Amino acid sequence: MPADTVDAKKEEVVEVGEAASAASVESSPISVGKGTPKENRDSGHESSATSTPDAERAMTPELKDGEVPEEAVYILHIELPSGDKFDVQVNNTEMLQEIHQVLLEREGTCHRTCYSLQLEGKSLDHFTEIRNVPGLKSGSTLAVVEEPYTLREARIHIRHVRDLSRMSEQGDAASAVDGMSLSYLPIVGLGEKKQEKGEKEKTFEGLPPENVLPGTKERSLSGVIPSAAIAANKSPYALKNLGLTPYNPPIPPRKMKGDVLYLFADTLEKRRVHITCCTGGFYVNGSDENTFKPTPASGQKTVVYHSLVDLIAAVSPLFKKNFTALIKKRVERPILDRLPTPYPQFAWLAPASEPIEDALRADDATQPHRVGIEEHLPGQIRDWNEELQTTGEMARTTLNERINRDRSVFKIHSDFISASVKGAQAVVEGNVMAINPADDPKTHMYIWNNIFFSLGFDVKDHYKEFGGDAAAFAATAADLQGVRAYSSVCDESKLATLGMAIIDYRGFRVTAQSIIPGILEREQEQSVVYGSIDTGKTVVSNDKYHELLDQAAKELKMLPHEVWNGKEGDEKAKVKLYTSFETKGIIGNDSRYYVLDLLRTFPPDVHYLPEFNAVSDFARENGFPHEFPHKLVAFRHELVNAFIDASYMKFVRVATYHIQMAAKEKKEKQIANGAEVQLSQEDATELNAEAMKKAAESVHSLNPNEFDIRFNPDCFSTTVKHAEEENLEAQRQLVIDCGEFLLKHQIPAFVEDLVECTVAPIDGEGLIEQMHTRGINVRYLGQIAKLAPKHIAWLRSLIGSELVVRATKHVFRGLFQSVKAEKTAAAAAHLLSCLLAAEGGVDSVAEPVKKKSGKKGGIRARASTASEWEMTSQKSLWKAICDDAAFYYNYELQVSSADALLEEWGVQKSALLRRMCRAFGIQLLAKDYNLFVAGRPIFVEDDVQNVFPVTKHREPEANDAKRLFTRGSQEMANGRLKEAYEYIAESVNLMTSVYGAMHGELAQALRSLARLSYILGDPQDALAQQHRAAIMAERCYGLDHSETITEYVNLAHMAFSNLLVPTALKLLYRARHLLLIAAGESHPFMSTIDGNIGVILFAVQEFDLACKFIQSAEKIAAAAGETKRLKSALLNHVMARAHACRGDFRTALACEKETYTIYSSLFGVEHEKTKESNETLRQLTQQAVQFQRRMQDASKGTTNLAQLLPINAQQPSLSTIIDVLNVVNGIIVFSIREPSNGEKEEGVEAVERTDKVAAIEEVKEEIKLEEETLD
């Protein structure tokens, strides 16, 4: 046994709560020699109980009717094998697995894997709730008992020790290995000591670097991954290498003596230790480089250690030293920096990586069939479809049932996406055998890990009439949209959808789907019982599917319709469809009813179907219909909902108007006839019916007597034949109206929001997300570009960049499909150089050097063998980009290089490079590139680090948590902050229960929680919550994602409120640096960042720099068209103070006059703020006069120059600075006095009167508006 065993804390209490693996676990020093050695001449194994049999597992006890186990907090004593004890505090609703997680986080026990928890000698199951364990109560002692090793347990233990022996590499994090991703915040200290008065002499660490100053042209890409972050992860290894020897597996005679595995360990002392793993643990055997001897060396006493860490620590002092340091560093890292992300998160920039010696990793990574869970599910392949369907069918009556279901659905889906990404990469790289190898490679299909993979090409000319490969490529995205829609409405029905993911990798689109049981055992014609398999020529239907699809059709606004089945000898038979004919219904061998091929779930976009020429006059005026590469164009679900909502509001207004007008006419006639003014019930019914007809006619309702707007997705189909009873003209008119609504309302309203900065996406990714939210398809990007004002620089740059990126992605996709594996980096470097080089900068790499050829025709032969990407030049690439933009987006770019794009559209090269790499999946070396170099390529082959997959999939949600968050946001908007805090805090708890401690939606909820904590007066809690939100944004979205930039600014605000001034400025400088790269200096959000920086620099008396940043903020806001409101007034006020402190009173007066003007227009001259500004103007005037007199005296020689300054300029208080920062960041706090009872009564009466007057005026205005509309 090693000499130094570590003393554990006997009285330590560990809390197991929201995340049992959290940093709340108090850690004791590492015990690297805490194993219990055993003596034996050979393997040293002892007979002991194996893991708990299934029959002995602790099951939930039978409860009496109505009896529920009470929720309580237990204090449990944990006894380690060494005899040390510590306590854990745990909620009895948690599972015992949480205690295992605590042991994995403790320094002294983190290396143990093969053990069981026992209560009074009985092993407990990991997945049993604590309250359901018989005999377990608060104060009980759980013993950690070492268990014998099996092959599975040994492999898990060895890999766990390998992981603990070295820190994760930044290169691995950039490539999303094992769920890792890059982060910056762990190197930023949020626990810095607050600056005291006596510390003013110390050097201030918050001055801005040169590359973030206003007006800088530098765009340093190396700073995206700071060198400090790279250095923080470069810790010394504890072990050089660990692996399995070639003598595995043990021969039967040795196996019967307890041998499990043979391994070697290369220590830092340059010694190779040969180790035998037996059922009792690990010991050093007598093998050497030339001889295999699994037994201990002769003459030496055998010491068997249950933990491999204990054994290596006993033979390697350097391992013991470095392993201790590594574990301490690991425990000190924030738990959120160590958790895996729910989905793979790749980075477009990565640090330089070096190959490392790792035998275990080499063994795992060179087996393409491995998924990464083989150790946990030995000999089993996951049945993804069964898992996805079973979790979706779980009970959801109570809150706990819904949480369990949502958690299970999310976990299985997350695993499915990770497996799909690995499988898609293996498929494209040629590591998976096709199930139809004799067919054309484009039609190959694959099965890997029980997932079906297909490529985005037209198989068997199925899409020949719709655009061929272009249609097949688009069909996958449309299908995914349908899966998302059906998944949201099929919860209550028995319909089943497939697990699905779309992976774009190296120019190929791979679709991954779970497999319907039995689908591969029969022909498609035999499987499909609903829909069509020949593009509508023949159609079948099924009564059971009618029943199941009825509710889904209502939710998705689909119109049931009748078509001819098209079968020979039965042409006149009608078939009723609730969906498009493309939707197929298949009954699996598991008796579930599946729906797939959901690409035509939503109505077709007639603006891109010129063969029908069925568009509105307004659309025709805007250049529609327009040719498109394929005919599988459809409106988005969001547009359908928005159109129906708008149509319903119009229906109500028109009906109301006609009822009022008809009633008025009726009464006037009765008065003229001298009759009593009274409407009978019959008259009212008649008036209502007539009004409803007119209202229905105004919105082209399918039902002439009431509101009925639903869409027939097949109404423009040319292959399926509708029954005569179907009113196709009315159905098509609705689709035309929906398209006009998109062009006339949605797109102009979106552009107006962009112009007014109501929404201000930072990059193209955010722009597309906002478009989709409003139901605008990406193909309307050219229409948005036509409507966007040219004088708004940031908006024009954003749209121009996305137009180019989308078109370039289409071009790159075609080029990359022919690139050989060994030329991938060269092709990526060349094509990016062609995209970004100066005018005439990059020629085709296939073009020979201009010199005389020794053979006639030699040049021609050389060029003819070159690949398509090699023959691509800057000129040909940009021509292809412009042609693609005109074809896909109906917009003429007319640019020939990135320089021309910069001059015409203001698109930064760094922003274009970043967006292109993120969109296509190219990972570059994180270094500074000269993007304006001429005469040579910008990138070389070694600059391309990787090509990563870009994934699309549906995202399961925590439904109850989302409802709570929405309710909390409403309460916050209504000013009920405490109630809002409670709702959002509970939503965070539910999200954590469903998603775990790492998810993008959880980051957004934490951001709101931080704001509420801040407003409610708890800045410490606000800082903690915002810190969590920022780390999650980094990990789940990316280091330079727009969400991450926003979280940095919010965190800086919270940090300053806690007096962490240098930290706040570092975060703001980083946010400014990232925004410069992503969008440039003209983006409106830069005004917010510069305002924050300027105000904080003013607070620390850096007046020159403060003025620079505040002036920049004002300039950017003015250029973006922002109205000068309260934020501008406050910034001008701060700038006036700063200029006064510098002695520039003329500028100070001009700034304060601007403040006074804004206050006067906002509040009036009698307002407190206006009077305060007026007083400041008076003081500045006096100080200016005083300063001028001193200057005159100094010029006469009557006053010493040293007496000129300082002028007594009043310094604002910390609370004033924080108030300004609040307004800059969109937080305005009002102090509300509780009214007296008399004031309450008067207020209620006043509100009632105001409400009545407002209601009457609103009705009058609506009637007037309706009259004008109808006239």
# chains A, B, ... in the order shown; residues from 1 in each chain; ligands from 1
>>> select_by_dssp(residues="region 117-191 of chain A", states="alpha helix (DSSP H)", output="NGL selection string")
:A and (151-164 or 170-174)
>>> select_by_dssp(residues="region 408-452 of chain A", states="strand (DSSP E or B)", output="list of chain:residue names")
A:Ala434, A:Met445, A:Tyr446, A:Ile447, A:Trp448, A:Ile451, A:Phe452
>>> write_last_selection(atoms="N, CA and C atoms", output="mmCIF file, in the first residue's frame")
data_model
loop_
_atom_site.group_PDB
_atom_site.id
_atom_site.type_symbol
_atom_site.label_atom_id
_atom_site.label_comp_id
_atom_site.auth_asym_id
_atom_site.auth_seq_id
_atom_site.Cartn_x
_atom_site.Cartn_y
_atom_site.Cartn_z
ATOM 1 N N ALA A 434 -22.767 -0.140 -48.500
ATOM 2 C CA ALA A 434 -24.138 0.122 -48.953
ATOM 3 C C ALA A 434 -24.932 -1.174 -49.001
ATOM 4 N N MET A 445 -27.877 3.314 -50.416
ATOM 5 C CA MET A 445 -28.518 3.446 -49.113
ATOM 6 C C MET A 445 -27.714 2.626 -48.110
ATOM 7 N N TYR A 446 -27.772 3.037 -46.852
ATOM 8 C CA TYR A 446 -26.908 2.438 -45.847
ATOM 9 C C TYR A 446 -27.692 2.199 -44.562
ATOM 10 N N ILE A 447 -27.247 1.206 -43.811
ATOM 11 C CA ILE A 447 -27.750 0.995 -42.452
ATOM 12 C C ILE A 447 -26.541 0.886 -41.537
ATOM 13 N N TRP A 448 -26.511 1.740 -40.546
ATOM 14 C CA TRP A 448 -25.407 1.777 -39.586
ATOM 15 C C TRP A 448 -25.990 2.043 -38.202
ATOM 16 N N ILE A 451 -29.691 2.702 -37.969
ATOM 17 C CA ILE A 451 -30.176 3.955 -38.550
ATOM 18 C C ILE A 451 -30.053 3.842 -40.061
ATOM 19 N N PHE A 452 -31.075 4.285 -40.756
ATOM 20 C CA PHE A 452 -31.095 4.235 -42.213
ATOM 21 C C PHE A 452 -30.562 5.551 -42.763
#
>>> residues_around(residues="region 423-429 of chain A", least_positions_apart="4", cutoff="10 Å", atoms="only C-alpha atoms", output="mmCIF file with C-alpha atoms, in the first residue's frame")
data_model
loop_
_atom_site.group_PDB
_atom_site.id
_atom_site.type_symbol
_atom_site.label_atom_id
_atom_site.label_comp_id
_atom_site.auth_asym_id
_atom_site.auth_seq_id
_atom_site.Cartn_x
_atom_site.Cartn_y
_atom_site.Cartn_z
ATOM 1 C CA PRO A 368 -16.011 3.012 -37.756
ATOM 2 C CA HIS A 369 -18.695 0.688 -36.431
ATOM 3 C CA ARG A 370 -18.208 1.938 -32.877
ATOM 4 C CA VAL A 371 -20.808 4.331 -31.528
ATOM 5 C CA ILE A 417 -28.668 12.903 -33.293
ATOM 6 C CA SER A 418 -25.138 12.214 -32.040
ATOM 7 C CA ALA A 419 -25.229 8.712 -33.525
ATOM 8 C CA MET A 433 -21.064 -0.742 -46.878
ATOM 9 C CA ALA A 434 -24.138 0.122 -48.953
ATOM 10 C CA HIS A 444 -26.742 3.985 -52.427
ATOM 11 C CA MET A 445 -28.518 3.446 -49.113
ATOM 12 C CA TYR A 446 -26.908 2.438 -45.847
ATOM 13 C CA ILE A 447 -27.750 0.995 -42.452
ATOM 14 C CA TRP A 448 -25.407 1.777 -39.586
ATOM 15 C CA ASN A 449 -26.182 1.350 -35.907
ATOM 16 C CA ILE A 451 -30.176 3.955 -38.550
ATOM 17 C CA PHE A 452 -31.095 4.235 -42.213
ATOM 18 C CA PHE A 453 -28.989 6.646 -44.283
ATOM 19 C CA SER A 454 -29.680 7.930 -47.791
ATOM 20 C CA LEU A 455 -28.074 10.595 -49.961
ATOM 21 C CA ALA A 501 -31.818 14.270 -38.980
ATOM 22 C CA ILE A 502 -30.304 16.008 -42.006
ATOM 23 C CA ILE A 503 -26.511 16.160 -42.120
ATOM 24 C CA ASP A 504 -24.638 18.231 -44.710
ATOM 25 C CA TYR A 505 -21.040 17.018 -44.921
ATOM 26 C CA ARG A 506 -18.386 17.560 -47.585
ATOM 27 C CA GLY A 507 -20.954 18.678 -50.132
ATOM 28 C CA PHE A 508 -23.266 15.724 -49.590
ATOM 29 C CA ARG A 509 -26.668 15.804 -47.930
ATOM 30 C CA VAL A 510 -27.254 12.714 -45.822
ATOM 31 C CA THR A 511 -30.670 11.923 -44.359
ATOM 32 C CA ALA A 512 -30.702 9.768 -41.233
ATOM 33 C CA GLN A 817 -18.799 16.255 -54.298
ATOM 34 C CA ALA A 821 -10.406 12.759 -49.645
ATOM 35 C CA PHE A 948 -17.368 19.318 -40.012
ATOM 36 C CA PRO A 949 -21.017 18.294 -40.483
#
>>> residues_around(residues="Pro629 (chain A)", least_positions_apart="5", cutoff="10 Å", atoms="only C-alpha atoms", output="ChimeraX atom specification")
/A:466-471,474,608,884,887-888
>>> write_last_selection(atoms="N, CA and C atoms", output="CSV table (one decimal), in the first residue's frame")
chain,number,residue,atom,x,y,z
A,466,PHE,N,-40.0,17.2,-61.0
A,466,PHE,CA,-40.0,18.3,-60.1
A,466,PHE,C,-38.7,19.0,-59.9
A,467,GLY,N,-37.7,18.6,-60.7
A,467,GLY,CA,-36.4,19.2,-60.6
A,467,GLY,C,-35.2,18.3,-60.4
A,468,GLY,N,-35.4,17.0,-60.4
A,468,GLY,CA,-34.3,16.1,-60.3
A,468,GLY,C,-33.6,16.2,-59.0
A,469,ASP,N,-32.3,16.2,-59.0
A,469,ASP,CA,-31.5,16.2,-57.8
A,469,ASP,C,-31.8,17.5,-56.9
A,470,ALA,N,-32.0,18.6,-57.5
A,470,ALA,CA,-32.4,19.8,-56.8
A,470,ALA,C,-33.6,19.6,-56.0
A,471,ALA,N,-34.6,18.9,-56.6
A,471,ALA,CA,-35.9,18.6,-55.8
A,471,ALA,C,-35.6,17.6,-54.8
A,474,ALA,N,-34.1,19.4,-51.8
A,474,ALA,CA,-35.0,20.2,-51.1
A,474,ALA,C,-36.0,19.4,-50.4
A,608,TYR,N,-43.4,30.5,-57.2
A,608,TYR,CA,-42.3,29.9,-57.9
A,608,TYR,C,-42.8,28.6,-58.7
A,884,ASP,N,-26.2,32.1,-59.5
A,884,ASP,CA,-27.0,31.4,-58.5
A,884,ASP,C,-27.9,32.3,-57.8
A,887,PHE,N,-30.8,33.1,-59.9
A,887,PHE,CA,-31.7,31.9,-60.1
A,887,PHE,C,-32.5,31.6,-58.9
A,888,TYR,N,-31.8,31.5,-57.7
A,888,TYR,CA,-32.5,31.1,-56.5
A,888,TYR,C,-33.2,32.3,-55.8
>>> atom_distance(atom1="CA of Leu244 (chain A)", atom2="CA of Val102 (chain A)")
29.3 Å
>>> residues_around(residues="region 922-929 of chain A", least_positions_apart="5", cutoff="9 Å", atoms="only C-alpha atoms", output="list of chain:residue names")
A:Ala174, A:Ser175, A:Arg219, A:Ser220, A:Leu221, A:Ser222, A:Gly223, A:Val224, A:Ile225, A:Phe346, A:Ala347, A:Trp348, A:Leu349, A:Ala350, A:Pro351, A:Ala352, A:Ala828, A:Met916, A:Cys917, A:Ile938, A:Phe939, A:Asp942, A:Asp943, A:Val944, A:Gln945, A:Asn946, A:Val947, A:Phe948, A:Pro949
>>> write_last_selection(atoms="N, CA and C atoms", output="short mmCIF file (atom, residue, chain, number, x, y, z; two decimals), in the first residue's frame")
data_model
loop_
_atom_site.label_atom_id
_atom_site.label_comp_id
_atom_site.auth_asym_id
_atom_site.auth_seq_id
_atom_site.Cartn_x
_atom_site.Cartn_y
_atom_site.Cartn_z
N ALA A 174 -12.99 21.79 -30.18
CA ALA A 174 -13.41 22.45 -31.41
C ALA A 174 -14.06 21.47 -32.37
N SER A 175 -13.69 20.18 -32.27
CA SER A 175 -14.27 19.16 -33.15
C SER A 175 -15.38 18.37 -32.48
N ARG A 219 -9.10 42.97 -37.78
CA ARG A 219 -10.04 41.92 -37.42
C ARG A 219 -9.24 40.67 -37.07
N SER A 220 -8.81 40.60 -35.84
CA SER A 220 -7.92 39.52 -35.41
C SER A 220 -8.71 38.24 -35.14
N LEU A 221 -8.52 37.24 -35.98
CA LEU A 221 -9.20 35.96 -35.77
C LEU A 221 -8.52 35.14 -34.69
N SER A 222 -7.24 35.39 -34.44
CA SER A 222 -6.55 34.62 -33.40
C SER A 222 -7.11 34.90 -32.02
N GLY A 223 -7.73 36.09 -31.85
CA GLY A 223 -8.27 36.44 -30.55
C GLY A 223 -9.59 35.78 -30.23
N VAL A 224 -10.22 35.11 -31.23
CA VAL A 224 -11.49 34.43 -30.96
C VAL A 224 -11.27 33.32 -29.94
N ILE A 225 -10.15 32.62 -30.06
CA ILE A 225 -9.77 31.62 -29.05
C ILE A 225 -8.54 32.18 -28.36
N PHE A 346 -19.64 22.20 -33.22
CA PHE A 346 -18.34 22.37 -33.87
C PHE A 346 -17.99 23.85 -33.96
N ALA A 347 -16.70 24.14 -33.97
CA ALA A 347 -16.23 25.52 -34.07
C ALA A 347 -15.60 25.73 -35.44
N TRP A 348 -15.77 26.93 -36.00
CA TRP A 348 -15.18 27.22 -37.32
C TRP A 348 -13.74 27.64 -37.20
N LEU A 349 -13.29 27.97 -36.00
CA LEU A 349 -11.87 28.25 -35.75
C LEU A 349 -11.37 27.29 -34.69
N ALA A 350 -10.16 26.79 -34.86
CA ALA A 350 -9.61 25.83 -33.90
C ALA A 350 -8.13 26.12 -33.71
N PRO A 351 -7.62 25.89 -32.50
CA PRO A 351 -6.17 26.06 -32.28
C PRO A 351 -5.39 24.95 -32.98
N ALA A 352 -4.12 25.19 -33.14
CA ALA A 352 -3.27 24.16 -33.74
C ALA A 352 -3.25 22.93 -32.83
N ALA A 828 -10.70 23.22 -50.09
CA ALA A 828 -11.32 24.24 -49.22
C ALA A 828 -10.49 25.52 -49.21
N MET A 916 -19.45 31.93 -43.99
CA MET A 916 -19.28 30.86 -44.97
C MET A 916 -18.79 29.58 -44.30
N CYS A 917 -17.83 29.71 -43.40
CA CYS A 917 -17.28 28.54 -42.71
C CYS A 917 -18.33 27.89 -41.82
N ILE A 938 -4.97 33.52 -50.18
CA ILE A 938 -5.05 33.91 -48.76
C ILE A 938 -4.81 32.71 -47.86
N PHE A 939 -5.33 31.56 -48.26
CA PHE A 939 -5.26 30.36 -47.42
C PHE A 939 -4.41 29.31 -48.11
N ASP A 942 -2.57 23.90 -45.13
CA ASP A 942 -2.42 23.67 -43.69
C ASP A 942 -3.32 24.56 -42.85
N ASP A 943 -3.91 25.58 -43.45
CA ASP A 943 -4.81 26.45 -42.68
C ASP A 943 -6.16 25.78 -42.42
N VAL A 944 -6.52 24.80 -43.22
CA VAL A 944 -7.80 24.10 -43.06
C VAL A 944 -7.58 22.94 -42.09
N GLN A 945 -8.20 23.03 -40.92
CA GLN A 945 -8.02 22.03 -39.88
C GLN A 945 -8.99 20.85 -40.00
N ASN A 946 -10.19 21.15 -40.51
CA ASN A 946 -11.20 20.08 -40.53
C ASN A 946 -12.36 20.52 -41.42
N VAL A 947 -13.17 19.58 -41.81
CA VAL A 947 -14.48 19.85 -42.41
C VAL A 947 -15.51 19.14 -41.54
N PHE A 948 -16.45 19.89 -40.99
CA PHE A 948 -17.37 19.32 -40.01
C PHE A 948 -18.79 19.30 -40.54
N PRO A 949 -19.63 18.40 -40.02
CA PRO A 949 -21.02 18.29 -40.48
C PRO A 949 -21.88 19.42 -39.93
#
>>> residues_around(residues="region 96-100 of chain A", least_positions_apart="2", cutoff="7 Å", atoms="only C-alpha atoms", output="list in words")
Val16, Ala20, Glu94, Val102, Leu103, Leu104, His126, Phe127, Thr128, Glu129 and Ile130 of chain A
>>> residues_around(residues="Ser876 (chain A)", least_positions_apart="5", cutoff="10 Å", atoms="only C-alpha atoms", output="ChimeraX atom specification")
/A:834,843-844,871,881,896
>>> atom_distance(atom1="CA of Lys240 (chain A)", atom2="CA of Pro148 (chain A)")
27.3 Å
>>> closest_residue(among="A:Arg338, A:Ser1213, A:Ser488, A:Ala72", to="Gly392 (chain A)", atoms="only C-alpha atoms")
A:Ser488
>>> decode(residues="region 253-297 of chain A", atoms="C-alpha atoms", output="tab-separated table (two decimals), in the first residue's frame")
chain	number	residue	atom	x	y	z
A	253	PRO	CA	-6.28	-21.44	-18.42
A	254	ARG	CA	-5.48	-17.86	-17.32
A	255	LYS	CA	-9.10	-16.85	-17.63
A	256	MET	CA	-10.06	-19.54	-15.16
A	257	LYS	CA	-7.53	-18.09	-12.75
A	258	GLY	CA	-9.23	-14.69	-12.86
A	259	ASP	CA	-7.32	-12.80	-15.56
A	260	VAL	CA	-9.51	-10.26	-17.35
A	261	LEU	CA	-7.17	-8.04	-19.41
A	262	TYR	CA	-3.49	-7.30	-19.95
A	263	LEU	CA	-2.40	-3.73	-20.35
A	264	PHE	CA	0.64	-1.51	-20.30
A	265	ALA	CA	1.30	1.95	-18.90
A	266	ASP	CA	4.08	4.23	-20.15
A	267	THR	CA	5.01	6.50	-17.27
A	268	LEU	CA	6.64	9.92	-17.42
A	269	GLU	CA	9.82	8.31	-16.09
A	270	LYS	CA	10.06	6.61	-19.52
A	271	ARG	CA	9.29	3.23	-18.06
A	272	ARG	CA	6.78	0.75	-19.42
A	273	VAL	CA	4.82	-1.06	-16.73
A	274	HIS	CA	3.04	-4.29	-17.70
A	275	ILE	CA	-0.16	-4.82	-15.73
A	276	THR	CA	-2.60	-7.67	-15.29
A	277	CYS	CA	-6.23	-6.90	-14.58
A	278	CYS	CA	-7.89	-9.69	-12.64
A	279	THR	CA	-11.29	-9.91	-11.03
A	280	GLY	CA	-9.84	-8.51	-7.80
A	281	GLY	CA	-8.09	-5.53	-9.33
A	282	PHE	CA	-4.73	-4.67	-10.91
A	283	TYR	CA	-1.14	-5.76	-10.25
A	284	VAL	CA	2.24	-5.44	-11.97
A	285	ASN	CA	3.13	-8.64	-13.81
A	286	GLY	CA	6.47	-10.04	-14.87
A	287	SER	CA	6.27	-9.26	-18.58
A	288	ASP	CA	8.84	-7.20	-20.46
A	289	GLU	CA	9.39	-6.16	-24.07
A	290	ASN	CA	10.41	-9.65	-25.14
A	291	THR	CA	8.61	-11.95	-22.72
A	292	PHE	CA	4.98	-12.32	-21.72
A	293	LYS	CA	4.47	-13.35	-18.12
A	294	PRO	CA	1.03	-12.51	-16.72
A	295	THR	CA	1.97	-13.63	-13.23
A	296	PRO	CA	3.93	-11.42	-10.83
A	297	ALA	CA	7.70	-11.28	-11.22
